[in-house]
file my_file_14.cif (mmCIF, C-alpha atoms and all ligand atoms)
data_model
loop_
_atom_site.group_PDB
_atom_site.id
_atom_site.type_symbol
_atom_site.label_atom_id
_atom_site.label_comp_id
_atom_site.auth_asym_id
_atom_site.auth_seq_id
_atom_site.Cartn_x
_atom_site.Cartn_y
_atom_site.Cartn_z
ATOM 1 C CA MET A 28 12.348 27.558 -55.262
ATOM 2 C CA VAL A 29 10.871 24.526 -56.991
ATOM 3 C CA ALA A 30 8.870 22.613 -54.408
ATOM 4 C CA TYR A 31 10.354 19.182 -54.809
ATOM 5 C CA PRO A 32 8.814 16.599 -52.537
ATOM 6 C CA ASP A 33 10.778 14.487 -50.118
ATOM 7 C CA GLY A 34 12.405 11.594 -51.911
ATOM 8 C CA VAL A 35 13.444 13.544 -54.995
ATOM 9 C CA PRO A 36 17.251 13.504 -55.124
ATOM 10 C CA GLU A 37 18.633 16.712 -53.686
ATOM 11 C CA SER A 38 20.896 16.780 -56.713
ATOM 12 C CA GLU A 39 17.846 18.384 -58.309
ATOM 13 C CA VAL A 40 17.101 20.760 -55.490
ATOM 14 C CA VAL A 41 18.576 24.204 -55.839
ATOM 15 C CA ARG A 42 19.581 25.580 -52.492
ATOM 16 C CA SER A 43 19.261 29.253 -51.797
ATOM 17 C CA VAL A 44 22.998 29.756 -51.309
ATOM 18 C CA GLU A 45 23.633 29.762 -55.030
ATOM 19 C CA VAL A 46 23.140 33.506 -55.416
ATOM 20 C CA PRO A 47 25.162 35.620 -52.976
ATOM 21 C CA ALA A 48 23.086 38.167 -51.080
ATOM 22 C CA ASP A 49 25.502 40.911 -52.076
ATOM 23 C CA GLU A 50 25.337 40.118 -55.792
ATOM 24 C CA PRO A 51 24.944 43.428 -57.636
ATOM 25 C CA THR A 52 21.262 43.732 -58.424
ATOM 26 C CA GLN A 53 21.802 45.237 -61.866
ATOM 27 C CA SER A 54 23.731 42.148 -62.910
ATOM 28 C CA VAL A 55 20.812 40.019 -64.034
ATOM 29 C CA ILE A 56 23.052 37.410 -65.589
ATOM 30 C CA PRO A 57 26.158 37.857 -63.494
ATOM 31 C CA SER A 58 27.802 34.529 -64.178
ATOM 32 C CA LEU A 59 27.227 30.847 -64.133
ATOM 33 C CA SER A 60 26.765 28.732 -61.020
ATOM 34 C CA PRO A 61 26.262 24.963 -61.146
ATOM 35 C CA SER A 62 22.562 25.347 -60.387
ATOM 36 C CA ARG A 63 21.941 27.991 -63.003
ATOM 37 C CA ALA A 64 23.893 25.980 -65.580
ATOM 38 C CA ALA A 65 21.863 22.906 -64.643
ATOM 39 C CA ASP A 66 18.653 24.945 -64.995
ATOM 40 C CA PHE A 67 19.473 25.849 -68.581
ATOM 41 C CA LYS A 68 20.476 22.288 -69.401
ATOM 42 C CA THR A 69 17.249 20.958 -67.868
ATOM 43 C CA CYS A 70 14.899 23.580 -69.244
ATOM 44 C CA PRO A 71 15.963 26.897 -70.839
ATOM 45 C CA LEU A 72 12.650 28.469 -69.837
ATOM 46 C CA LEU A 73 13.193 27.514 -66.202
ATOM 47 C CA TYR A 74 16.556 29.298 -66.432
ATOM 48 C CA ARG A 75 14.776 32.381 -67.742
ATOM 49 C CA PHE A 76 12.179 32.387 -64.942
ATOM 50 C CA ARG A 77 14.827 32.021 -62.291
ATOM 51 C CA SER A 78 17.776 34.015 -63.609
ATOM 52 C CA ILE A 79 16.245 36.683 -65.841
ATOM 53 C CA ASP A 80 12.674 37.246 -64.649
ATOM 54 C CA ARG A 81 13.784 36.340 -61.146
ATOM 55 C CA ILE A 82 10.289 35.298 -60.178
ATOM 56 C CA PRO A 83 10.179 34.318 -56.499
ATOM 57 C CA GLU A 84 9.442 30.676 -55.789
ATOM 58 C CA ALA A 85 7.611 29.195 -52.833
ATOM 59 C CA PRO A 86 9.882 27.648 -50.207
ATOM 60 C CA SER A 87 9.788 23.883 -49.903
ATOM 61 C CA SER A 88 10.158 21.983 -46.659
ATOM 62 C CA ALA A 89 12.689 19.574 -48.213
ATOM 63 C CA ALA A 90 14.998 22.329 -49.452
ATOM 64 C CA THR A 91 14.604 24.324 -46.223
ATOM 65 C CA ARG A 92 15.477 21.277 -44.188
ATOM 66 C CA GLY A 93 18.556 20.882 -46.387
ATOM 67 C CA THR A 94 19.566 24.454 -45.600
ATOM 68 C CA VAL A 95 19.170 23.815 -41.849
ATOM 69 C CA VAL A 96 21.216 20.612 -42.033
ATOM 70 C CA HIS A 97 23.949 22.350 -44.030
ATOM 71 C CA GLY A 98 24.040 25.141 -41.441
ATOM 72 C CA VAL A 99 24.471 22.647 -38.599
ATOM 73 C CA LEU A 100 27.233 20.758 -40.399
ATOM 74 C CA GLU A 101 28.993 24.032 -41.095
ATOM 75 C CA ASP A 102 28.780 25.255 -37.484
ATOM 76 C CA LEU A 103 29.667 21.844 -36.054
ATOM 77 C CA PHE A 104 33.317 22.536 -36.837
ATOM 78 C CA ASP A 105 33.251 25.660 -34.657
ATOM 79 C CA LEU A 106 33.090 23.311 -31.678
ATOM 80 C CA PRO A 107 36.281 21.880 -30.172
ATOM 81 C CA SER A 108 36.850 18.541 -31.921
ATOM 82 C CA ALA A 109 36.017 16.424 -28.846
ATOM 83 C CA GLU A 110 32.592 18.096 -28.615
ATOM 84 C CA ARG A 111 31.538 17.273 -32.174
ATOM 85 C CA THR A 112 29.111 14.549 -31.189
ATOM 86 C CA PRO A 113 25.781 13.422 -32.685
ATOM 87 C CA ASP A 114 23.899 14.794 -29.651
ATOM 88 C CA ALA A 115 25.639 18.160 -29.908
ATOM 89 C CA ALA A 116 24.846 18.366 -33.620
ATOM 90 C CA ALA A 117 21.205 17.340 -33.098
ATOM 91 C CA ALA A 118 20.857 20.033 -30.412
ATOM 92 C CA MET A 119 21.950 22.621 -32.976
ATOM 93 C CA VAL A 120 19.041 21.882 -35.341
ATOM 94 C CA ALA A 121 16.254 23.889 -33.665
ATOM 95 C CA PRO A 122 18.441 26.985 -33.059
ATOM 96 C CA GLN A 123 19.626 26.752 -36.677
ATOM 97 C CA TRP A 124 15.995 26.741 -37.856
ATOM 98 C CA ARG A 125 15.184 29.781 -35.700
ATOM 99 C CA LYS A 126 18.243 31.585 -37.085
ATOM 100 C CA LEU A 127 17.132 30.842 -40.638
ATOM 101 C CA LEU A 128 13.614 31.984 -39.838
ATOM 102 C CA ASP A 129 14.993 35.297 -38.538
ATOM 103 C CA GLN A 130 16.845 35.756 -41.818
ATOM 104 C CA GLU A 131 13.963 34.617 -44.019
ATOM 105 C CA PRO A 132 10.664 35.226 -42.156
ATOM 106 C CA GLU A 133 8.684 34.124 -45.203
ATOM 107 C CA LEU A 134 9.688 30.526 -44.371
ATOM 108 C CA ALA A 135 7.078 30.642 -41.599
ATOM 109 C CA GLU A 136 4.490 29.944 -44.296
ATOM 110 C CA LEU A 137 5.775 26.361 -44.447
ATOM 111 C CA PHE A 138 4.100 25.736 -41.109
ATOM 112 C CA ALA A 139 1.367 28.374 -41.212
ATOM 113 C CA ASP A 140 -1.444 25.853 -40.666
ATOM 114 C CA ASP A 141 0.484 23.776 -38.159
ATOM 115 C CA THR A 142 -1.303 25.119 -35.109
ATOM 116 C CA ASP A 143 -0.247 22.361 -32.692
ATOM 117 C CA HIS A 144 3.368 22.377 -33.988
ATOM 118 C CA SER A 145 3.198 18.644 -34.631
ATOM 119 C CA ARG A 146 4.370 18.984 -38.230
ATOM 120 C CA LEU A 147 7.177 21.319 -37.242
ATOM 121 C CA ASP A 148 8.298 18.909 -34.506
ATOM 122 C CA GLU A 149 8.302 16.039 -36.963
ATOM 123 C CA TRP A 150 10.212 18.099 -39.516
ATOM 124 C CA LEU A 151 12.825 19.113 -36.935
ATOM 125 C CA LYS A 152 13.197 15.470 -35.904
ATOM 126 C CA SER A 153 13.784 14.492 -39.530
ATOM 127 C CA ALA A 154 16.503 17.154 -39.751
ATOM 128 C CA GLU A 155 18.055 15.801 -36.551
ATOM 129 C CA SER A 156 18.059 12.300 -38.075
ATOM 130 C CA LEU A 157 19.931 13.583 -41.110
ATOM 131 C CA VAL A 158 22.464 15.330 -38.917
ATOM 132 C CA ARG A 159 22.961 12.178 -36.862
ATOM 133 C CA ALA A 160 23.324 10.136 -40.058
ATOM 134 C CA TYR A 161 26.301 12.263 -41.005
ATOM 135 C CA PHE A 162 28.274 10.693 -38.152
ATOM 136 C CA GLN A 163 27.864 7.275 -39.734
ATOM 137 C CA LEU A 164 29.715 8.490 -42.790
ATOM 138 C CA GLU A 165 32.686 10.165 -41.146
ATOM 139 C CA ASP A 166 34.159 11.220 -37.825
ATOM 140 C CA PRO A 167 34.368 15.015 -37.567
ATOM 141 C CA THR A 168 36.630 14.844 -34.506
ATOM 142 C CA ARG A 169 39.511 13.620 -36.647
ATOM 143 C CA PHE A 170 40.062 16.576 -38.981
ATOM 144 C CA GLU A 171 39.704 20.315 -39.453
ATOM 145 C CA PRO A 172 38.228 21.484 -42.748
ATOM 146 C CA ALA A 173 40.229 23.949 -44.840
ATOM 147 C CA GLY A 174 37.015 25.730 -45.808
ATOM 148 C CA ARG A 175 33.284 25.675 -45.070
ATOM 149 C CA GLU A 176 30.459 27.159 -47.151
ATOM 150 C CA GLN A 177 33.277 28.620 -49.162
ATOM 151 C CA TYR A 178 32.472 31.065 -51.951
ATOM 152 C CA VAL A 179 34.635 30.309 -54.962
ATOM 153 C CA GLU A 180 34.850 32.158 -58.230
ATOM 154 C CA THR A 181 37.008 32.251 -61.302
ATOM 155 C CA THR A 182 36.929 33.934 -64.686
ATOM 156 C CA LEU A 183 37.792 31.704 -67.599
ATOM 157 C CA GLU A 184 39.899 32.930 -70.517
ATOM 158 C CA SER A 185 36.691 33.224 -72.502
ATOM 159 C CA GLY A 186 35.494 35.897 -70.034
ATOM 160 C CA LEU A 187 32.888 33.606 -68.512
ATOM 161 C CA ARG A 188 32.746 33.874 -64.739
ATOM 162 C CA LEU A 189 32.042 30.735 -62.740
ATOM 163 C CA ARG A 190 30.974 30.893 -59.129
ATOM 164 C CA GLY A 191 29.507 28.793 -56.396
ATOM 165 C CA TYR A 192 29.584 27.758 -52.780
ATOM 166 C CA ILE A 193 31.439 24.649 -51.715
ATOM 167 C CA ASP A 194 30.042 22.960 -48.615
ATOM 168 C CA ARG A 195 33.451 21.891 -47.379
ATOM 169 C CA LEU A 196 37.039 21.860 -48.569
ATOM 170 C CA ASP A 197 39.539 19.480 -46.977
ATOM 171 C CA GLU A 198 43.267 19.661 -47.451
ATOM 172 C CA ALA A 199 45.610 16.792 -46.611
ATOM 173 C CA PRO A 200 49.081 17.482 -45.173
ATOM 174 C CA ASP A 201 50.572 16.566 -48.567
ATOM 175 C CA GLY A 202 48.464 19.271 -50.261
ATOM 176 C CA ARG A 203 45.790 17.055 -51.779
ATOM 177 C CA VAL A 204 42.412 18.784 -51.864
ATOM 178 C CA ARG A 205 38.973 17.241 -51.424
ATOM 179 C CA VAL A 206 35.701 18.928 -52.323
ATOM 180 C CA VAL A 207 32.774 17.765 -50.154
ATOM 181 C CA ASP A 208 29.087 18.332 -50.731
ATOM 182 C CA TYR A 209 26.332 17.297 -48.332
ATOM 183 C CA LYS A 210 23.047 16.114 -49.778
ATOM 184 C CA SER A 211 20.063 15.780 -47.504
ATOM 185 C CA GLY A 212 18.086 14.031 -50.232
ATOM 186 C CA ALA A 213 18.405 10.437 -51.380
ATOM 187 C CA ALA A 214 21.404 9.153 -53.327
ATOM 188 C CA PRO A 215 20.818 9.610 -57.047
ATOM 189 C CA ARG A 216 19.662 6.895 -59.277
ATOM 190 C CA GLU A 217 22.114 6.282 -62.064
ATOM 191 C CA ALA A 218 20.452 8.789 -64.377
ATOM 192 C CA PHE A 219 21.036 11.569 -61.858
ATOM 193 C CA GLU A 220 24.542 10.593 -60.910
ATOM 194 C CA ALA A 221 26.045 12.467 -63.842
ATOM 195 C CA LYS A 222 24.015 15.510 -62.872
ATOM 196 C CA ALA A 223 25.293 15.385 -59.301
ATOM 197 C CA LEU A 224 28.839 14.998 -60.543
ATOM 198 C CA PHE A 225 28.413 17.914 -62.951
ATOM 199 C CA GLN A 226 28.052 20.215 -59.942
ATOM 200 C CA MET A 227 31.141 18.721 -58.303
ATOM 201 C CA LYS A 228 33.262 18.913 -61.455
ATOM 202 C CA PHE A 229 32.132 22.513 -61.841
ATOM 203 C CA TYR A 230 33.584 23.236 -58.386
ATOM 204 C CA ALA A 231 36.701 21.230 -59.213
ATOM 205 C CA LEU A 232 37.246 23.396 -62.290
ATOM 206 C CA ILE A 233 37.010 26.580 -60.190
ATOM 207 C CA VAL A 234 39.388 25.198 -57.551
ATOM 208 C CA TRP A 235 41.852 24.141 -60.245
ATOM 209 C CA LYS A 236 41.711 27.538 -61.956
ATOM 210 C CA THR A 237 42.126 29.479 -58.708
ATOM 211 C CA THR A 238 44.743 27.329 -56.955
ATOM 212 C CA GLY A 239 46.465 25.443 -59.761
ATOM 213 C CA THR A 240 45.591 22.149 -58.042
ATOM 214 C CA ILE A 241 43.062 19.679 -59.367
ATOM 215 C CA PRO A 242 41.104 18.315 -56.378
ATOM 216 C CA ALA A 243 42.159 14.745 -55.710
ATOM 217 C CA GLN A 244 38.635 13.784 -54.737
ATOM 218 C CA LEU A 245 35.049 14.972 -55.095
ATOM 219 C CA LYS A 246 32.838 13.547 -52.394
ATOM 220 C CA LEU A 247 29.052 13.641 -52.244
ATOM 221 C CA MET A 248 27.586 12.606 -48.903
ATOM 222 C CA TYR A 249 23.958 11.433 -49.079
ATOM 223 C CA LEU A 250 22.691 11.726 -45.542
ATOM 224 C CA SER A 251 19.247 10.180 -45.903
ATOM 225 C CA ASP A 252 20.699 7.035 -47.502
ATOM 226 C CA ILE A 253 23.886 7.102 -45.402
ATOM 227 C CA ASP A 254 25.784 6.669 -48.622
ATOM 228 C CA GLU A 255 28.485 8.506 -50.469
ATOM 229 C CA LEU A 256 29.740 8.948 -53.977
ATOM 230 C CA THR A 257 33.380 9.772 -54.637
ATOM 231 C CA TYR A 258 35.111 10.678 -57.839
ATOM 232 C CA SER A 259 38.599 11.745 -58.909
ATOM 233 C CA PRO A 260 38.526 14.222 -61.794
ATOM 234 C CA ASP A 261 41.404 14.586 -64.251
ATOM 235 C CA GLU A 262 42.699 17.475 -66.312
ATOM 236 C CA ARG A 263 41.258 16.173 -69.557
ATOM 237 C CA GLU A 264 37.672 16.110 -68.321
ATOM 238 C CA LEU A 265 37.933 19.461 -66.585
ATOM 239 C CA LEU A 266 39.169 20.993 -69.838
ATOM 240 C CA ALA A 267 36.241 19.327 -71.588
ATOM 241 C CA LEU A 268 33.891 20.810 -68.980
ATOM 242 C CA GLU A 269 35.414 24.244 -69.565
ATOM 243 C CA ARG A 270 34.617 23.947 -73.277
ATOM 244 C CA GLN A 271 31.140 22.647 -72.487
ATOM 245 C CA LEU A 272 30.414 25.599 -70.198
ATOM 246 C CA GLY A 273 31.637 28.004 -72.861
ATOM 247 C CA ALA A 274 29.185 26.470 -75.311
ATOM 248 C CA LEU A 275 26.414 26.604 -72.722
ATOM 249 C CA TRP A 276 27.108 30.264 -72.046
ATOM 250 C CA SER A 277 27.005 31.005 -75.777
ATOM 251 C CA ALA A 278 23.632 29.277 -75.962
ATOM 252 C CA ILE A 279 22.363 31.374 -73.034
ATOM 253 C CA GLU A 280 23.569 34.581 -74.667
ATOM 254 C CA LYS A 281 21.897 33.584 -77.911
ATOM 255 C CA SER A 282 18.648 32.924 -76.070
ATOM 256 C CA ILE A 283 18.857 36.345 -74.434
ATOM 257 C CA ALA A 284 19.586 38.082 -77.726
ATOM 258 C CA THR A 285 16.625 36.384 -79.397
ATOM 259 C CA LYS A 286 14.489 36.391 -76.207
ATOM 260 C CA ASP A 287 13.893 32.747 -76.952
ATOM 261 C CA PHE A 288 13.950 30.363 -73.997
ATOM 262 C CA ARG A 289 12.198 27.147 -74.938
ATOM 263 C CA PRO A 290 10.343 25.033 -72.394
ATOM 264 C CA SER A 291 11.638 21.518 -72.086
ATOM 265 C CA PRO A 292 8.958 19.455 -70.329
ATOM 266 C CA SER A 293 10.010 16.566 -68.132
ATOM 267 C CA ARG A 294 8.800 14.852 -64.979
ATOM 268 C CA LEU A 295 10.246 17.770 -63.020
ATOM 269 C CA CYS A 296 7.440 19.970 -64.362
ATOM 270 C CA ASP A 297 5.179 18.466 -61.690
ATOM 271 C CA TRP A 298 7.191 20.347 -59.077
ATOM 272 C CA CYS A 299 7.961 23.480 -61.071
ATOM 273 C CA ASP A 300 6.694 26.691 -59.472
ATOM 274 C CA HIS A 301 6.316 28.256 -62.909
ATOM 275 C CA LYS A 302 4.016 25.674 -64.489
ATOM 276 C CA SER A 303 1.033 28.058 -64.516
ATOM 277 C CA ARG A 304 2.923 30.570 -66.693
ATOM 278 C CA CYS A 305 4.647 27.946 -68.861
ATOM 279 C CA PRO A 306 3.385 27.757 -72.487
ATOM 280 C CA ALA A 307 3.991 23.995 -72.477
ATOM 281 C CA PHE A 308 1.051 23.810 -70.055
ATOM 282 C CA GLY A 309 -1.147 26.485 -71.608
ATOM 283 C CA GLY A 310 0.333 29.393 -69.647
ATOM 284 C CA THR A 311 1.275 32.824 -70.914
ATOM 285 C CA LEU A 312 4.823 34.075 -70.673
ATOM 286 C CA PRO A 313 5.453 37.352 -68.871
ATOM 287 C CA GLU A 314 6.968 40.069 -71.015
ATOM 288 C CA PHE A 315 10.688 39.623 -71.466
ATOM 289 C CA PRO A 316 12.401 42.030 -69.043
ATOM 290 C CA ALA A 317 13.965 44.938 -70.944
ATOM 291 C CA HIS A 318 16.852 45.102 -68.494
ATOM 292 C CA ALA A 319 18.053 41.596 -69.369
ATOM 293 C CA LEU A 320 19.791 42.639 -72.576
ATOM 294 C CA ALA A 321 21.400 45.721 -71.042
ATOM 295 C CA ALA A 322 22.473 43.874 -67.925
ATOM 296 C CA SER A 323 24.003 41.114 -69.972
ATOM 297 C CA ALA A 324 25.929 43.616 -72.075
ATOM 298 C CA VAL A 325 27.174 45.485 -69.009
ATOM 299 C CA ASP A 326 28.194 42.273 -67.360
ATOM 300 C CA ARG A 327 29.972 41.063 -70.463
ATOM 301 C CA ARG A 328 31.894 44.320 -70.758
ATOM 302 C CA THR A 329 32.917 44.055 -67.137
ATOM 303 C CA GLU A 330 34.106 40.520 -67.650
ATOM 304 C CA ASN A 331 36.022 41.524 -70.759
ATOM 305 C CA ALA A 332 37.649 44.337 -68.824
ATOM 306 C CA ASN A 333 38.629 41.889 -66.095
ATOM 307 C CA ALA A 334 40.021 39.513 -68.661
ATOM 308 C CA ASP A 335 42.246 42.296 -70.004
HETATM 309 S S1 LIG B 1 6.879 23.625 -66.219
HETATM 310 FE FE1 LIG B 1 8.474 22.309 -67.077
HETATM 311 S S2 LIG B 1 8.794 23.058 -69.152
HETATM 312 FE FE2 LIG B 1 7.702 24.665 -68.032
HETATM 313 S S3 LIG B 1 9.307 26.013 -67.203
HETATM 314 FE FE3 LIG B 1 8.846 24.519 -65.610
HETATM 315 S S4 LIG B 1 10.374 22.885 -65.952
HETATM 316 FE FE4 LIG B 1 10.295 24.104 -67.834
#
call {"tool": "encode", "arguments": {"input": "my_file_14.cif", "output": "structure tokens", "more": "lines below"}}
Ligand code: SF4
result
Amino acid sequence: MVAYPDGVPESEVVRSVEVPADEPTQSVIPSLSPSRAADFKTCPLLYRFRSIDRIPEAPSSAATRGTVVHGVLEDLFDLPSAERTPDAAAAMVAPQWRKLLDQEPELAELFADDTDHSRLDEWLKSAESLVRAYFQLEDPTRFEPAGREQYVETTLESGLRLRGYIDRLDEAPDGRVRVVDYKSGAAPREAFEAKALFQMKFYALIVWKTTGTIPAQLKLMYLSDIDELTYSPDERELLALERQLGALWSAIEKSIATKDFRPSPSRLCDWCDHKSRCPAFGGTLPEFPAHALAASAVDRRTENANAD
């Protein structure tokens, strides 16, 4: 994972939930998720490193904290509504971290040199603050989500499969649907707002295609700023997004066929785990994995079969 520092909008932080653990391993390019699509848009070579070479990235404390906070906000709704209090949520942070550590022991390296646990304590406190901040944005005792950490997937007519995890889905009694995403990073500056909304529209497109209902609202909750961004998508822009994703997928397939993934340097390079192997910074590319072409072809055939 790219080690973004604190303060970088989480709209740019890819959380580990984007690739399901049970994803078939032979499917190197199984489909498009918002993060993978954003990778290619940001830097085609970054997409290659992450999705084709699948080179492991060092964990970052900011992204790991985001995962802990998301876990707490997911589990919070297991409690009876009257017990969903800031103190109860804050008390869930440390156990959530230990649970994550059990699942991903390599995360221990984040605090390997923290012999007196002072950095860990501070980090846990910062996660508790984010969890408490959530309560300033909404009251979780007043509703029951329709879905949490919900895996969603659809196959477009073009054969392109879209997938992702939605933090929370709400459904009003009149059937209106709201897609909610928690961000533990700061609210985006204007330049990043479109990027944050791209992810949400991506989810809206999947929900529309799978349920026939366009979500009435997309809501991004920025916990560190105690701020939120809401948006109501319409059919016209979701259709435009569908076309855009088709074009993006074609570009990815072309890059695979030609083994040509260009670097696209930006300020994000400073936090890119792959800088040392990036030709834009004097690095040498690893050999293009032979399985990428075969896996893509297999996956494409499967998708075509599904489309039939
Ligand atoms: S260092 Fe920059 S240009 Fe190179 S792969 Fe990473 S994001 Fe792309």
call {"tool": "atom_distance", "arguments": {"input": "my_file_14.cif", "atom1": "CA of Asp102 in chain A", "atom2": "CA of Asp66 in chain A"}}
result
29.3 Å
call {"tool": "resolve_selection", "arguments": {"input": "my_file_14.cif", "expression": "the PyMOL selection byres (((chain A and resi 165) around 12) and not hetatm)", "output": "count of residues only"}}
result
25
call {"tool": "closest_atom_pairs", "arguments": {"input": "my_file_14.cif", "of": "chain A", "to": "ligand LIG 1 (chain B)", "cutoff": "9 Å", "atoms": "only C-alpha atoms and all ligand atoms", "output": "Markdown table"}}
result
| residue | atom | partner | partner_atom | distance |
| --- | --- | --- | --- | --- |
| A:Val29 | CA | B:LIG1 | FE3 | 8.9 |
| A:Asp66 | CA | B:LIG1 | S4 | 8.6 |
| A:Thr69 | CA | B:LIG1 | S4 | 7.4 |
| A:Cys70 | CA | B:LIG1 | FE4 | 4.8 |
| A:Pro71 | CA | B:LIG1 | FE4 | 7.0 |
| A:Leu72 | CA | B:LIG1 | S3 | 4.9 |
| A:Leu73 | CA | B:LIG1 | S3 | 4.3 |
| A:Tyr74 | CA | B:LIG1 | S3 | 8.0 |
| A:Arg75 | CA | B:LIG1 | S3 | 8.4 |
| A:Phe76 | CA | B:LIG1 | S3 | 7.3 |
| A:Arg289 | CA | B:LIG1 | S2 | 7.9 |
| A:Pro290 | CA | B:LIG1 | S2 | 4.1 |
| A:Ser291 | CA | B:LIG1 | S2 | 4.4 |
| A:Pro292 | CA | B:LIG1 | S2 | 3.8 |
| A:Ser293 | CA | B:LIG1 | FE1 | 6.0 |
| A:Arg294 | CA | B:LIG1 | FE1 | 7.8 |
| A:Leu295 | CA | B:LIG1 | S4 | 5.9 |
| A:Cys296 | CA | B:LIG1 | FE1 | 3.7 |
| A:Asp297 | CA | B:LIG1 | S1 | 7.1 |
| A:Trp298 | CA | B:LIG1 | S1 | 7.9 |
| A:Cys299 | CA | B:LIG1 | FE3 | 4.7 |
| A:Asp300 | CA | B:LIG1 | FE3 | 6.9 |
| A:His301 | CA | B:LIG1 | FE3 | 5.3 |
| A:Lys302 | CA | B:LIG1 | S1 | 3.9 |
| A:Ser303 | CA | B:LIG1 | S1 | 7.5 |
| A:Arg304 | CA | B:LIG1 | FE2 | 7.7 |
| A:Cys305 | CA | B:LIG1 | FE2 | 4.6 |
| A:Pro306 | CA | B:LIG1 | FE2 | 6.9 |
| A:Ala307 | CA | B:LIG1 | FE2 | 5.8 |
| A:Phe308 | CA | B:LIG1 | S1 | 7.0 |
| A:Gly310 | CA | B:LIG1 | FE2 | 8.9 |
call {"tool": "resolve_selection", "arguments": {"input": "my_file_14.cif", "expression": "the PyMOL selection byres (((chain A and resi 200) around 12) and not hetatm)", "output": "ChimeraX atom specification"}}
result
/A:170-173,197-199,201-205
call {"tool": "atom_distance", "arguments": {"input": "my_file_14.cif", "atom1": "CA of Gly309 in chain A", "atom2": "CA of Arg81 in chain A"}}
result
20.7 Å
call {"tool": "residues_around", "arguments": {"input": "my_file_14.cif", "residues": "range 175-178 of chain A", "least_positions_apart": "6", "cutoff": "10 Å", "atoms": "all atoms listed in the file", "output": "JSON list (two decimals) with C-alpha atoms, in the frame of the given file"}}
result
[["chain", "number", "residue", "atom", "x", "y", "z"],
["A", 44, "VAL", "CA", 23.00, 29.76, -51.31],
["A", 45, "GLU", "CA", 23.63, 29.76, -55.03],
["A", 47, "PRO", "CA", 25.16, 35.62, -52.98],
["A", 97, "HIS", "CA", 23.95, 22.35, -44.03],
["A", 98, "GLY", "CA", 24.04, 25.14, -41.44],
["A", 100, "LEU", "CA", 27.23, 20.76, -40.40],
["A", 101, "GLU", "CA", 28.99, 24.03, -41.10],
["A", 102, "ASP", "CA", 28.78, 25.26, -37.48],
["A", 104, "PHE", "CA", 33.32, 22.54, -36.84],
["A", 190, "ARG", "CA", 30.97, 30.89, -59.13],
["A", 191, "GLY", "CA", 29.51, 28.79, -56.40],
["A", 192, "TYR", "CA", 29.58, 27.76, -52.78],
["A", 193, "ILE", "CA", 31.44, 24.65, -51.72],
["A", 194, "ASP", "CA", 30.04, 22.96, -48.62],
["A", 195, "ARG", "CA", 33.45, 21.89, -47.38],
["A", 196, "LEU", "CA", 37.04, 21.86, -48.57],
["A", 197, "ASP", "CA", 39.54, 19.48, -46.98],
["A", 207, "VAL", "CA", 32.77, 17.76, -50.15],
["A", 208, "ASP", "CA", 29.09, 18.33, -50.73]]
call {"tool": "closest_residue", "arguments": {"input": "my_file_14.cif", "among": "A:Leu106, A:Val96, A:Leu128, A:Leu268", "to": "Leu151 in chain A", "atoms": "only C-alpha atoms"}}
result
A:Val96
call {"tool": "atom_distance", "arguments": {"input": "my_file_14.cif", "atom1": "CA of Ser58 in chain A", "atom2": "CA of Thr237 in chain A"}}
result
16.1 Å
call {"tool": "axis_aligned_box", "arguments": {"input": "my_file_14.cif", "around": "range 186-203 of chain A", "padding_each_side": "5 Å", "output": "lines of an AutoDock Vina configuration file"}}
result
center_x = 40.0
center_y = 26.2
center_z = -57.6
size_x = 31.1
size_y = 29.3
size_z = 34.9
call {"tool": "resolve_selection", "arguments": {"input": "my_file_14.cif", "expression": "the PyMOL selection byres (((chain A and resi 241) around 9) and not hetatm)", "output": "PyMOL selection string"}}
result
chain A and resi 203-204+231-232+234-236+238-240+242-244+260-262+265
call {"tool": "closest_residue", "arguments": {"input": "my_file_14.cif", "among": "A:Pro122, A:Pro316, A:Gly212, A:Pro132", "to": "Lys286 in chain A", "atoms": "only C-alpha atoms"}}
result
A:Pro316
call {"tool": "residues_near_point", "arguments": {"input": "my_file_14.cif", "point": "(29.1, 25.0, -71.5)", "cutoff": "12 Å", "atoms": "only C-alpha atoms", "output": "ChimeraX atom specification"}}
result
/A:59-61,63-65,67-68,183,185,187-189,225,229,265-280
call {"tool": "closest_residue", "arguments": {"input": "my_file_14.cif", "among": "A:Thr257, A:Thr142, A:Ser108, A:Ser153", "to": "Glu220 in chain A", "atoms": "all atoms listed in the file"}}
result
A:Thr257
